[in-house]
Each structure stands twice: as structure tokens, then as C-alpha cells.
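Novice: final_22.cif is reproduced below (mmCIF, C-alpha atoms and all ligand atoms).
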```cif
data_start
loop_
_atom_site.label_atom_id
_atom_site.label_comp_id
_atom_site.auth_asym_id
_atom_site.auth_seq_id
_atom_site.Cartn_x
_atom_site.Cartn_y
_atom_site.Cartn_z
CA MET A 1 13.02 22.37 -17.94
CA SER A 2 13.17 21.04 -21.46
CA THR A 3 15.95 20.02 -23.81
CA THR A 4 15.99 18.50 -27.25
CA LEU A 5 18.29 15.60 -27.96
CA THR A 6 19.36 14.69 -31.43
CA ASN A 7 20.95 11.45 -32.61
CA THR A 8 19.82 9.58 -29.51
CA VAL A 9 22.29 6.74 -29.15
CA SER A 10 20.89 3.24 -29.42
CA THR A 11 21.71 1.52 -26.17
CA VAL A 12 19.34 -1.45 -25.82
CA SER A 13 20.48 -4.53 -27.74
CA HIS A 14 18.44 -7.31 -26.05
CA PRO A 15 15.07 -5.83 -25.09
CA ARG A 16 12.75 -7.35 -22.52
CA GLU A 17 9.48 -8.99 -23.51
CA VAL A 18 6.03 -8.76 -21.97
CA GLU A 19 5.29 -11.31 -19.28
CA ARG A 20 1.63 -10.41 -18.64
CA LEU A 21 -0.97 -7.81 -19.52
CA ILE A 22 -3.14 -6.52 -16.67
CA ALA A 23 -6.47 -4.71 -17.04
CA GLY A 24 -6.80 -3.45 -13.47
CA GLN A 25 -9.89 -3.39 -11.27
CA ALA A 26 -12.54 -0.71 -11.11
CA THR A 27 -12.95 0.36 -7.50
CA SER A 28 -13.54 3.40 -5.35
CA ASP A 29 -11.53 4.82 -2.48
CA GLY A 30 -11.55 7.83 -0.18
CA ASP A 31 -15.01 9.44 -0.23
CA GLY A 32 -16.33 7.60 -3.28
CA VAL A 33 -13.60 8.50 -5.78
CA LYS A 34 -13.89 6.19 -8.77
CA LEU A 35 -10.59 4.79 -9.96
CA THR A 36 -8.91 1.81 -11.54
CA ARG A 37 -6.48 -0.12 -9.36
CA VAL A 38 -3.92 -1.21 -11.91
CA LEU A 39 -1.31 -2.59 -9.55
CA THR A 40 -3.23 -4.62 -6.97
CA GLN A 41 -2.07 -6.32 -3.78
CA PRO A 42 -1.47 -9.77 -5.41
CA LEU A 43 1.15 -8.12 -7.68
CA GLN A 44 3.17 -6.53 -4.86
CA ARG A 45 5.77 -9.30 -4.69
CA ARG A 46 6.12 -9.46 -8.46
CA LEU A 47 6.52 -5.70 -8.82
CA ASP A 48 8.52 -5.06 -5.61
CA PRO A 49 9.30 -2.21 -4.66
CA PHE A 50 5.96 -0.92 -6.04
CA LEU A 51 2.88 -1.58 -3.92
CA MET A 52 0.01 0.01 -5.80
CA LEU A 53 -0.85 2.03 -8.89
CA ASP A 54 -4.23 3.74 -9.16
CA ALA A 55 -5.36 5.47 -12.35
CA PHE A 56 -8.20 7.98 -12.27
CA GLY A 57 -9.66 9.84 -15.20
CA THR A 58 -13.15 11.27 -15.48
CA ASP A 59 -15.10 14.28 -16.68
CA ASN A 60 -17.88 13.62 -14.17
CA PRO A 61 -17.45 15.54 -10.88
CA ASP A 62 -19.59 12.94 -9.06
CA ASP A 63 -16.70 10.51 -9.58
CA TYR A 64 -14.14 12.65 -7.72
CA ILE A 65 -15.81 15.46 -5.77
CA GLY A 66 -15.55 13.66 -2.39
CA GLY A 67 -11.78 13.37 -2.67
CA PHE A 68 -9.74 11.69 0.03
CA PRO A 69 -10.58 13.18 3.45
CA ASP A 70 -8.17 12.77 6.41
CA HIS A 71 -6.51 9.35 6.41
CA PRO A 72 -3.22 7.95 7.71
CA HIS A 73 -0.19 6.36 6.04
CA ARG A 74 2.90 4.66 7.46
CA GLY A 75 5.87 2.81 5.99
CA PHE A 76 6.08 3.84 2.32
CA GLU A 77 5.98 6.71 -0.19
CA THR A 78 3.10 8.00 -2.32
CA VAL A 79 3.73 9.61 -5.69
CA THR A 80 0.74 11.45 -7.14
CA TYR A 81 0.96 12.63 -10.74
CA MET A 82 -1.77 14.90 -12.04
CA ILE A 83 -2.45 14.99 -15.77
CA ALA A 84 -5.49 17.25 -15.47
CA GLY A 85 -7.26 18.88 -12.57
CA ARG A 86 -6.39 20.42 -9.21
CA MET A 87 -6.06 18.66 -5.89
CA ARG A 88 -5.19 20.29 -2.57
CA HIS A 89 -3.10 18.41 -0.04
CA ARG A 90 -2.95 19.12 3.68
CA ASP A 91 -1.14 17.03 6.28
CA SER A 92 -0.65 16.62 10.00
CA ALA A 93 2.84 18.15 9.81
CA GLY A 94 1.28 21.43 8.67
CA HIS A 95 2.23 21.09 5.01
CA GLU A 96 -0.17 22.26 2.38
CA GLY A 97 0.14 22.26 -1.38
CA LEU A 98 -1.80 22.46 -4.59
CA LEU A 99 -1.20 19.73 -7.10
CA GLN A 100 -2.19 20.62 -10.65
CA ASN A 101 -1.82 19.85 -14.36
CA GLY A 102 1.40 17.97 -14.95
CA GLY A 103 2.68 18.30 -11.39
CA VAL A 104 3.81 15.64 -8.95
CA GLN A 105 3.51 15.32 -5.22
CA TRP A 106 6.07 13.01 -3.67
CA MET A 107 5.28 12.15 -0.08
CA THR A 108 7.34 9.97 2.23
CA ALA A 109 4.94 8.85 4.94
CA GLY A 110 7.73 7.30 7.01
CA ARG A 111 6.57 6.78 10.62
CA GLY A 112 3.29 8.49 9.97
CA VAL A 113 1.28 11.12 8.18
CA ILE A 114 -2.41 11.96 8.37
CA HIS A 115 -3.48 13.90 5.33
CA SER A 116 -6.30 14.86 3.03
CA GLU A 117 -6.28 15.07 -0.76
CA LEU A 118 -9.29 17.08 -1.92
CA PRO A 119 -10.26 18.30 -5.39
CA GLU A 120 -10.08 22.06 -5.80
CA GLN A 121 -12.63 22.11 -8.60
CA ASP A 122 -16.26 21.14 -8.90
CA GLU A 123 -16.35 20.69 -12.65
CA GLY A 124 -14.11 19.65 -15.49
CA ARG A 125 -11.69 16.81 -15.98
CA MET A 126 -9.69 15.11 -13.24
CA GLU A 127 -7.03 12.70 -14.43
CA GLY A 128 -3.91 11.28 -12.86
CA PHE A 129 -2.15 8.48 -11.06
CA GLN A 130 -1.07 7.51 -7.58
CA LEU A 131 1.85 5.14 -7.20
CA TRP A 132 2.89 3.63 -3.87
CA LEU A 133 6.61 2.98 -3.51
CA ASN A 134 7.85 0.89 -0.62
CA LEU A 135 10.51 2.03 1.85
CA PRO A 136 13.26 -0.33 3.00
CA ALA A 137 12.80 -1.67 6.56
CA LYS A 138 15.50 0.69 7.85
CA ASP A 139 13.59 3.76 6.60
CA LYS A 140 9.99 2.85 7.41
CA MET A 141 9.99 4.89 10.62
CA THR A 142 11.88 7.84 9.15
CA ALA A 143 10.54 11.39 9.57
CA PRO A 144 7.78 12.25 7.10
CA TRP A 145 8.79 14.35 4.09
CA TYR A 146 7.04 15.72 1.09
CA ARG A 147 7.66 17.80 -1.98
CA ASP A 148 5.35 19.42 -4.50
CA ILE A 149 6.97 19.45 -7.91
CA GLN A 150 5.36 21.86 -10.34
CA SER A 151 5.07 20.72 -13.93
CA SER A 152 7.68 23.26 -15.08
CA ASP A 153 10.18 21.73 -12.63
CA ILE A 154 9.94 18.20 -14.03
CA PRO A 155 12.94 17.62 -16.30
CA GLU A 156 11.94 16.63 -19.82
CA PHE A 157 13.53 16.07 -23.19
CA THR A 158 12.48 15.24 -26.73
CA THR A 159 14.21 12.57 -28.79
CA ASP A 160 15.04 12.85 -32.47
CA GLU A 161 11.92 10.72 -33.14
CA GLY A 162 9.79 13.32 -31.43
CA VAL A 163 9.18 11.38 -28.22
CA THR A 164 8.80 13.69 -25.25
CA VAL A 165 10.02 12.13 -22.03
CA ARG A 166 9.12 13.59 -18.65
CA VAL A 167 11.56 12.29 -16.05
CA ILE A 168 9.78 12.19 -12.72
CA ALA A 169 12.30 9.90 -10.99
CA GLY A 170 15.55 8.19 -11.90
CA SER A 171 17.26 9.19 -15.13
CA SER A 172 16.80 8.66 -18.85
CA HIS A 173 19.23 9.34 -21.70
CA GLY A 174 21.42 11.39 -19.39
CA VAL A 175 18.61 13.53 -17.99
CA ALA A 176 18.24 13.24 -14.21
CA GLY A 177 14.69 13.19 -12.90
CA ALA A 178 13.08 15.32 -10.22
CA VAL A 179 13.52 12.69 -7.47
CA GLN A 180 16.19 10.04 -6.79
CA ARG A 181 15.94 7.23 -4.26
CA GLU A 182 18.95 5.16 -3.29
CA ALA A 183 17.33 2.02 -1.90
CA THR A 184 14.71 1.45 -4.59
CA GLN A 185 16.25 3.37 -7.51
CA PRO A 186 12.84 4.17 -9.00
CA LEU A 187 12.58 5.14 -12.65
CA TYR A 188 9.31 6.96 -13.41
CA LEU A 189 8.91 8.25 -16.96
CA ASP A 190 5.87 9.73 -18.67
CA LEU A 191 6.29 9.09 -22.40
CA HIS A 192 4.47 11.05 -25.11
CA LEU A 193 5.01 9.24 -28.41
CA PRO A 194 3.84 10.34 -31.85
CA GLU A 195 2.45 7.61 -34.10
CA GLY A 196 5.19 5.27 -35.30
CA ALA A 197 7.85 6.60 -32.92
CA ARG A 198 10.22 4.25 -31.15
CA PHE A 199 11.70 4.74 -27.72
CA GLU A 200 14.22 2.70 -25.84
CA GLN A 201 15.23 2.74 -22.23
CA PRO A 202 18.04 0.76 -20.64
CA LEU A 203 16.96 -1.09 -17.48
CA ALA A 204 18.98 -3.08 -14.94
CA ALA A 205 18.07 -6.73 -15.47
CA ALA A 206 17.14 -7.29 -11.81
CA HIS A 207 14.83 -4.28 -11.62
CA ASN A 208 11.12 -4.98 -11.83
CA ALA A 209 9.46 -2.94 -14.56
CA PHE A 210 6.08 -2.23 -16.09
CA ILE A 211 4.45 0.04 -18.63
CA TYR A 212 0.97 1.54 -18.27
CA VAL A 213 -0.57 2.90 -21.47
CA TYR A 214 -3.09 5.63 -20.71
CA ARG A 215 -3.76 6.84 -24.26
CA GLY A 216 -3.18 5.26 -27.66
CA GLU A 217 -1.47 1.93 -28.14
CA LEU A 218 2.10 0.71 -28.34
CA ARG A 219 4.05 -2.47 -28.94
CA VAL A 220 6.69 -4.03 -26.72
CA GLY A 221 8.47 -6.45 -29.04
CA ASP A 222 5.61 -8.25 -30.79
CA THR A 223 3.08 -7.66 -28.03
CA PRO A 224 0.48 -4.92 -28.50
CA VAL A 225 -0.37 -3.01 -25.33
CA ALA A 226 -3.68 -1.16 -25.57
CA ALA A 227 -4.85 1.85 -23.59
CA GLN A 228 -5.70 1.14 -19.93
CA ARG A 229 -3.43 -1.89 -19.89
CA MET A 230 -0.34 -2.53 -17.81
CA ALA A 231 2.38 -4.67 -19.35
CA ILE A 232 4.62 -6.38 -16.79
CA LEU A 233 8.06 -6.80 -18.36
CA LYS A 234 9.92 -10.08 -18.01
CA ASN A 235 13.09 -10.15 -15.93
CA GLU A 236 15.79 -12.11 -17.74
CA ALA A 237 19.49 -11.84 -16.96
CA ASP A 238 20.57 -11.22 -20.56
CA ARG A 239 18.11 -8.36 -21.26
CA ASP A 240 19.33 -4.80 -21.05
CA GLY A 241 16.23 -2.63 -21.40
CA VAL A 242 12.94 -2.07 -23.15
CA VAL A 243 11.98 -0.84 -26.61
CA VAL A 244 8.49 0.46 -27.34
CA THR A 245 6.93 1.50 -30.64
CA ALA A 246 3.78 3.62 -30.78
CA LYS A 247 1.00 2.30 -33.02
CA ALA A 248 -0.85 5.60 -32.63
CA ALA A 249 -0.18 8.82 -30.75
CA THR A 250 0.41 7.32 -27.32
CA ARG A 251 1.01 8.32 -23.73
CA ALA A 252 2.39 5.80 -21.30
CA LEU A 253 4.12 5.51 -17.94
CA LEU A 254 7.32 3.47 -17.77
CA ILE A 255 8.10 2.53 -14.19
CA ALA A 256 10.95 0.38 -12.85
CA GLY A 257 12.78 -0.11 -9.58
CA GLN A 258 15.15 -2.23 -7.56
CA PRO A 259 13.28 -4.84 -5.52
CA LEU A 260 13.75 -4.66 -1.74
CA ARG A 261 13.17 -8.41 -1.22
CA GLU A 262 11.84 -7.81 2.29
CA PRO A 263 8.61 -9.13 3.82
CA ILE A 264 5.54 -7.02 2.99
CA ALA A 265 2.75 -6.69 5.57
CA GLN A 266 -0.09 -4.40 4.48
CA TYR A 267 -3.23 -3.35 6.27
CA GLY A 268 -4.97 -0.61 4.32
CA PRO A 269 -2.78 2.51 4.43
CA PHE A 270 -0.01 0.91 6.53
CA VAL A 271 2.74 -1.10 4.84
CA MET A 272 5.32 -2.62 7.17
CA ASN A 273 7.43 -5.80 7.34
CA SER A 274 5.55 -7.78 10.01
CA ASN A 275 2.09 -8.15 11.54
CA GLU A 276 3.47 -6.86 14.86
CA GLU A 277 4.46 -3.61 13.17
CA ILE A 278 1.00 -3.38 11.60
CA PHE A 279 -0.69 -3.85 15.02
CA GLN A 280 1.61 -1.14 16.35
CA ALA A 281 0.62 1.22 13.51
CA VAL A 282 -3.09 0.63 14.20
CA GLU A 283 -2.55 1.17 17.95
CA ASP A 284 -0.52 4.32 17.32
CA PHE A 285 -3.22 5.67 15.01
CA LYS A 286 -6.03 4.93 17.49
CA ALA A 287 -4.05 6.55 20.30
CA GLY A 288 -3.26 9.64 18.23
CA ARG A 289 0.46 8.80 18.17
CA LEU A 290 0.84 8.00 14.47
CA ALA A 291 1.68 11.46 13.28
CA VAL A 292 3.32 13.36 16.12
FE FE B 301 -3.20 9.38 0.98
#
```
How does the structure come out when it is put into C-alpha cells?
Ligand code: FE
Specialist:
Amino acid sequence: MSTTLTNTVSTVSHPREVERLIAGQATSDGDGVKLTRVLTQPLQRRLDPFLMLDAFGTDNPDDYIGGFPDHPHRGFETVTYMIAGRMRHRDSAGHEGLLQNGGVQWMTAGRGVIHSELPEQDEGRMEGFQLWLNLPAKDKMTAPWYRDIQSSDIPEFTTDEGVTVRVIAGSSHGVAGAVQREATQPLYLDLHLPEGARFEQPLAAAHNAFIYVYRGELRVGDTPVAAQRMAILKNEADRDGVVVTAKAATRALLIAGQPLREPIAQYGPFVMNSNEEIFQAVEDFKAGRLAV
């Protein structure tokens, strides 16, 4: 699903600036999968409604071959975006899907899912991202839901400056993304910018927003943002969006959303609003009631 736009209208007059640059933390999760946790727990309040962003990218099968065997989730959504590689997903509700090059899996854990995410390759490159998006309190115990979105089903467009924009969620320059969410209004764009290209995106002033550069380098205002860096964008009432300029051929994620402003209680793969709800999740999991 691809369209070419010409004469893209300039719509951002007071762009946001960078508040902080974040390098992320090297860690491993699942069965020894090496990854970089870009959005860590201390940033959850600042980047509400987003709870976590992991980036993984390696040519070494030892770094990913173990995958993520059966594990539970409750209370939020996971959005997995594969740049390269193949990962098979199976869950307790009987869903199964293959996530591959350029595709997205959007999973709403709701009241509970137990699933595995296992590489379906034993050589070659594995690269991608997993974003955790919170659910509002009223939806945390909703029925689980998931959708595999093949790469060809992700709406995309190219601007007159040659910037290709893949619209995973929300909308950009009139192109509606693959997924919409009312409570958190997530915007999830994958930007492919040629050297020197400029791209602008209107953003609601109250929405929390960040950019993660995964190849190349860009500038936000006067601030350079190098590869493997997350730029948290300032929230100021008079700012109407963001403008980025690529210093080299660059690929970056632009992610924004409406904060929920609700208490966050996290214990591993459970994200609820109170400790009582976390104890309940642990009890339900131990008793085999989490995903029934
Ligand atoms: Fe998972």
C-alpha cells in the first residue's frame, strides 16, 4: 500500500526541541536474546503511555536463537516490528503467526496471554523492535486480541523530498496507519530519509514523543541525534510538531501518544495500576487462571 505525495504542505511552524538523548542499556531477555532496552522503566512516567522499547539487531545467531519461550503478559499491548528476520508467535488463545521482514505484530494482552516468540531461522540477520504500549485502567482486563500485519499491508507514502514513511499506527500527512487506538492515540512511524531530506510531523502538544534513530544520523532543530540514540522531545504548549533533517541516509522511528496519567505498577510482564492488581496477576498466573 504505497502512494506518492507531491508538494507536501508545510504544517509545523513551531517545532519541538530535544529534551534528552538516551543511549539505552544492553541487556538480555527471554532465553538469552541480546537486545538494547532503549525505553527503560525509569522513563515510563515521562513517556506515558509507552512502557518499554527494545531494539535488537544482530548477525550472530547465538544472540537470538533461544528466542522468547512461553511467558505471560497482562495489562498492556506489545507491538513487534521486524526489520529483518522471521519470528513465529504462538499463544494460549490458539493464535499462531509468522512475523517477517517489515511486518508488525500488534498484540493486546488485556487480562492475559501466555505466548512464545521464537526465531524461525538459525542463521542470518535478525533486526527489529518491541514497543510496549499501556492500556487505560478500564481496558486492562479486556479480552486478548492480536493481529499480524504483513509488510505489504502497512500503509506508506513518499514525500516530495523522497522520504518514505511507513505508518504503523496513527496517521501522517493524511495517510491512516494500520492500527488506531482511541485512548492512547499512538503514532508509530518508520521514516526512511535520504541524505539532506527534511520531514515534518504535526504532534499534539500534550502528547509525549520520541525519535529512535536506528541507522544514519539526523538533526532535530540544532541537536544531532546519532544512530542507536533516542531523542525525547520536549513538551511545550506552543509547539505544534517536530521537524527532522537527515545528515546521512537515515532510518528512524517516530513515536508519540496521549499520556494516560494513571498509576503504573509493573512486575516483569504484568503492568497494572496497583500492587494489589499485580499480586492478583501473579496469583492468577501461578494458578493457571491468567490466560483462560
Ligand atoms: Fe512477549
Novice: So, with all atoms listed in the file as the atoms that count, which of A:Ala176, A:Val225, A:Ala281, A:Val213 lies closest to Pro269 of chain A?
Specialist: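 Once distances to Pro269 of chain A are computed over all atoms listed in the file, the minimum belongs to A:Ala281.
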Novice: Extract, using all atoms listed in the file, all DNA, RNA and protein residues at most 10 Å from Pro224 of chain A, discarding same-chain residues fewer than 5 positions from it, and format them as a list of chain:residue names.
Specialist: A:Val18, A:Leu21, A:Glu217, A:Leu218, A:Arg219, A:Arg229, A:Ala231, A:Val244, A:Thr245, A:Ala246, A:Lys247
Novice: Which residues, written as a PDB file with C-alpha atoms, keeping the file's coordinate frame, have at least one atom at most 9 Å from Phe199 of chain A, with only C-alpha atoms counted and residues fewer than 3 positions away on the same chain left out?
Specialist:
```pdb
ATOM      1  CA  THR A 159      14.210  12.570 -28.790  1.00  0.00           C
ATOM      2  CA  GLU A 161      11.920  10.720 -33.140  1.00  0.00           C
ATOM      3  CA  VAL A 163       9.180  11.380 -28.220  1.00  0.00           C
ATOM      4  CA  LEU A 191       6.290   9.090 -22.400  1.00  0.00           C
ATOM      5  CA  LEU A 193       5.010   9.240 -28.410  1.00  0.00           C
ATOM      6  CA  VAL A 242      12.940  -2.070 -23.150  1.00  0.00           C
ATOM      7  CA  VAL A 243      11.980  -0.840 -26.610  1.00  0.00           C
ATOM      8  CA  VAL A 244       8.490   0.460 -27.340  1.00  0.00           C
ATOM      9  CA  THR A 245       6.930   1.500 -30.640  1.00  0.00           C
ATOM     10  CA  ALA A 246       3.780   3.620 -30.780  1.00  0.00           C
TER      11      ALA A 246
END
```
Novice: Atom CA of Gln185 of chain A to atom CA of His73 of chain A: how many Å, to one decimal?
Specialist: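 These two atoms are separated by 21.5 Å.
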Novice: Provide the atom CA of Pro69 of chain A to atom CA of Tyr214 of chain A distance in Å, to one decimal place.
Specialist: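 Spanning atom CA of Pro69 of chain A to atom CA of Tyr214 of chain A is a straight-line distance of 26.4 Å.
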Novice: Hey, which residues come within 8 Å of ligand FE 301 (chain B) if we count only C-alpha atoms and all ligand atoms? Could you give them as a ChimeraX atom specification?
Specialist: /A:68,71-73,78,114-117,269
Novice: Place a sphere of radius 12 Å on (-12.4, 3.9, -8.9) in the file coordinates and name every protein, DNA or RNA residue with an atom inside or on its surface, counting only C-alpha atoms; give the answer as a list in words.
Specialist: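 Every residue inside that radius is included here: Gly24, Gln25, Ala26, Thr27, Ser28, Asp29, Gly30, Asp31, Gly32, Val33, Lys34, Leu35, Thr36, Arg37, Val38, Leu53, Asp54, Ala55, Phe56, Gly57, Thr58, Asp62, Asp63, Tyr64, Gly67, Glu127, Gly128, Phe129 and Gln130 of chain A.
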Novice: Since we have the selection now, will you write its residues out, keeping C-alpha atoms, as a PDB file, in the coordinates of the input?
Specialist:
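Full text of again_29.pdb as output:
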```
ATOM      1  CA  GLY A  24      -6.800  -3.450 -13.470  1.00  0.00           C
ATOM      2  CA  GLN A  25      -9.890  -3.390 -11.270  1.00  0.00           C
ATOM      3  CA  ALA A  26     -12.540  -0.710 -11.110  1.00  0.00           C
ATOM      4  CA  THR A  27     -12.950   0.360  -7.500  1.00  0.00           C
ATOM      5  CA  SER A  28     -13.540   3.400  -5.350  1.00  0.00           C
ATOM      6  CA  ASP A  29     -11.530   4.820  -2.480  1.00  0.00           C
ATOM      7  CA  GLY A  30     -11.550   7.830  -0.180  1.00  0.00           C
ATOM      8  CA  ASP A  31     -15.010   9.440  -0.230  1.00  0.00           C
ATOM      9  CA  GLY A  32     -16.330   7.600  -3.280  1.00  0.00           C
ATOM     10  CA  VAL A  33     -13.600   8.500  -5.780  1.00  0.00           C
ATOM     11  CA  LYS A  34     -13.890   6.190  -8.770  1.00  0.00           C
ATOM     12  CA  LEU A  35     -10.590   4.790  -9.960  1.00  0.00           C
ATOM     13  CA  THR A  36      -8.910   1.810 -11.540  1.00  0.00           C
ATOM     14  CA  ARG A  37      -6.480  -0.120  -9.360  1.00  0.00           C
ATOM     15  CA  VAL A  38      -3.920  -1.210 -11.910  1.00  0.00           C
ATOM     16  CA  LEU A  53      -0.850   2.030  -8.890  1.00  0.00           C
ATOM     17  CA  ASP A  54      -4.230   3.740  -9.160  1.00  0.00           C
ATOM     18  CA  ALA A  55      -5.360   5.470 -12.350  1.00  0.00           C
ATOM     19  CA  PHE A  56      -8.200   7.980 -12.270  1.00  0.00           C
ATOM     20  CA  GLY A  57      -9.660   9.840 -15.200  1.00  0.00           C
ATOM     21  CA  THR A  58     -13.150  11.270 -15.480  1.00  0.00           C
ATOM     22  CA  ASP A  62     -19.590  12.940  -9.060  1.00  0.00           C
ATOM     23  CA  ASP A  63     -16.700  10.510  -9.580  1.00  0.00           C
ATOM     24  CA  TYR A  64     -14.140  12.650  -7.720  1.00  0.00           C
ATOM     25  CA  GLY A  67     -11.780  13.370  -2.670  1.00  0.00           C
ATOM     26  CA  GLU A 127      -7.030  12.700 -14.430  1.00  0.00           C
ATOM     27  CA  GLY A 128      -3.910  11.280 -12.860  1.00  0.00           C
ATOM     28  CA  PHE A 129      -2.150   8.480 -11.060  1.00  0.00           C
ATOM     29  CA  GLN A 130      -1.070   7.510  -7.580  1.00  0.00           C
TER      30      GLN A 130
END
```
Novice: Calculated over only C-alpha atoms, which of the candidates A:Ala183, A:Ala248, A:Leu254, A:Ala226 has the smallest distance to Phe210 of chain A?
Specialist: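 Of A:Ala183, A:Ala248, A:Leu254, A:Ala226, the one nearest Phe210 of chain A, counting only C-alpha atoms, is A:Leu254.
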Novice: Between A:Trp145, A:Phe50, A:Trp132, A:Phe76, single out the one closest to Gly94 of chain A, counting all atoms listed in the file.
Specialist: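 The shortest atom-to-atom distance to Gly94 of chain A comes from A:Trp145.
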Novice: Using only C-alpha atoms, find the one residue out of A:Tyr212, A:Gly162, A:Ile83, A:Thr142 that sits nearest to Gly196 of chain A.
Specialist: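 Smallest distance to Gly196 of chain A is found for A:Gly162.
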Novice: Need to verify the contact set: Glu77 of chain A, 8 Å, only C-alpha atoms, exclusion of same-chain residues closer than 4 positions in sequence. Can you return it as an MDAnalysis selection string?
Specialist: chainID A and resid 106:110 132:135
Novice: Please tell me which residues are no farther than 12 Å from (13.8, -9.9, -1.5) in the file, counting all atoms listed in the file, and write them as a list in words.
Specialist: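 Protein and nucleic acid residues near the point are Gln44, Arg45, Arg46, Leu47, Asp48, Pro49, Pro136, Ala137, Thr184, Ala206, His207, Asn208, Gln258, Pro259, Leu260, Arg261, Glu262, Pro263, Ile264 and Asn273 of chain A.
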Novice: Atom CA of Lys140 of chain A to atom CA of Leu253 of chain A: how many Å, to one decimal?
Specialist: 26.2 Å
Novice: Given the block above, output segment 78-90 of chain A with N, CA, C and O atoms as a compact mmCIF listing (two decimals), in the first residue's frame.
Specialist:
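Once everything was written out, this is selection.txt:
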```txt
# COMPACT_ATOMS: atom_id res chain seq x y z
N THR A 78 1.68 -5.18 23.16
CA THR A 78 3.04 -5.27 22.62
C THR A 78 2.97 -5.09 21.11
O THR A 78 2.08 -5.65 20.45
N VAL A 79 3.90 -4.30 20.60
CA VAL A 79 3.95 -4.04 19.16
C VAL A 79 5.36 -4.43 18.69
O VAL A 79 6.34 -3.80 19.06
N THR A 80 5.43 -5.52 17.93
CA THR A 80 6.72 -6.02 17.47
C THR A 80 6.87 -5.70 15.99
O THR A 80 5.99 -6.02 15.19
N TYR A 81 7.96 -5.05 15.65
CA TYR A 81 8.19 -4.62 14.27
C TYR A 81 9.50 -5.24 13.80
O TYR A 81 10.55 -4.98 14.35
N MET A 82 9.39 -6.11 12.80
CA MET A 82 10.58 -6.80 12.30
C MET A 82 11.15 -6.05 11.10
O MET A 82 10.43 -5.79 10.13
N ILE A 83 12.43 -5.74 11.16
CA ILE A 83 13.11 -5.14 10.00
C ILE A 83 13.71 -6.26 9.15
O ILE A 83 13.67 -6.22 7.94
N ALA A 84 14.28 -7.24 9.82
CA ALA A 84 14.88 -8.39 9.12
C ALA A 84 14.73 -9.62 9.99
O ALA A 84 14.84 -9.54 11.21
N GLY A 85 14.46 -10.74 9.35
CA GLY A 85 14.37 -12.00 10.09
C GLY A 85 12.95 -12.50 10.17
O GLY A 85 12.01 -11.87 9.69
N ARG A 86 12.81 -13.69 10.78
CA ARG A 86 11.50 -14.34 10.88
C ARG A 86 11.31 -14.86 12.30
O ARG A 86 12.17 -15.53 12.86
N MET A 87 10.17 -14.54 12.86
CA MET A 87 9.86 -14.93 14.23
C MET A 87 8.46 -15.51 14.25
O MET A 87 7.53 -14.92 13.71
N ARG A 88 8.32 -16.70 14.87
CA ARG A 88 6.99 -17.32 14.94
C ARG A 88 6.39 -17.07 16.31
O ARG A 88 7.05 -17.19 17.34
N HIS A 89 5.13 -16.72 16.31
CA HIS A 89 4.39 -16.41 17.52
C HIS A 89 3.29 -17.45 17.73
O HIS A 89 2.59 -17.82 16.79
N ARG A 90 3.20 -17.95 18.96
CA ARG A 90 2.10 -18.85 19.32
C ARG A 90 1.56 -18.40 20.67
O ARG A 90 2.36 -18.08 21.56
```
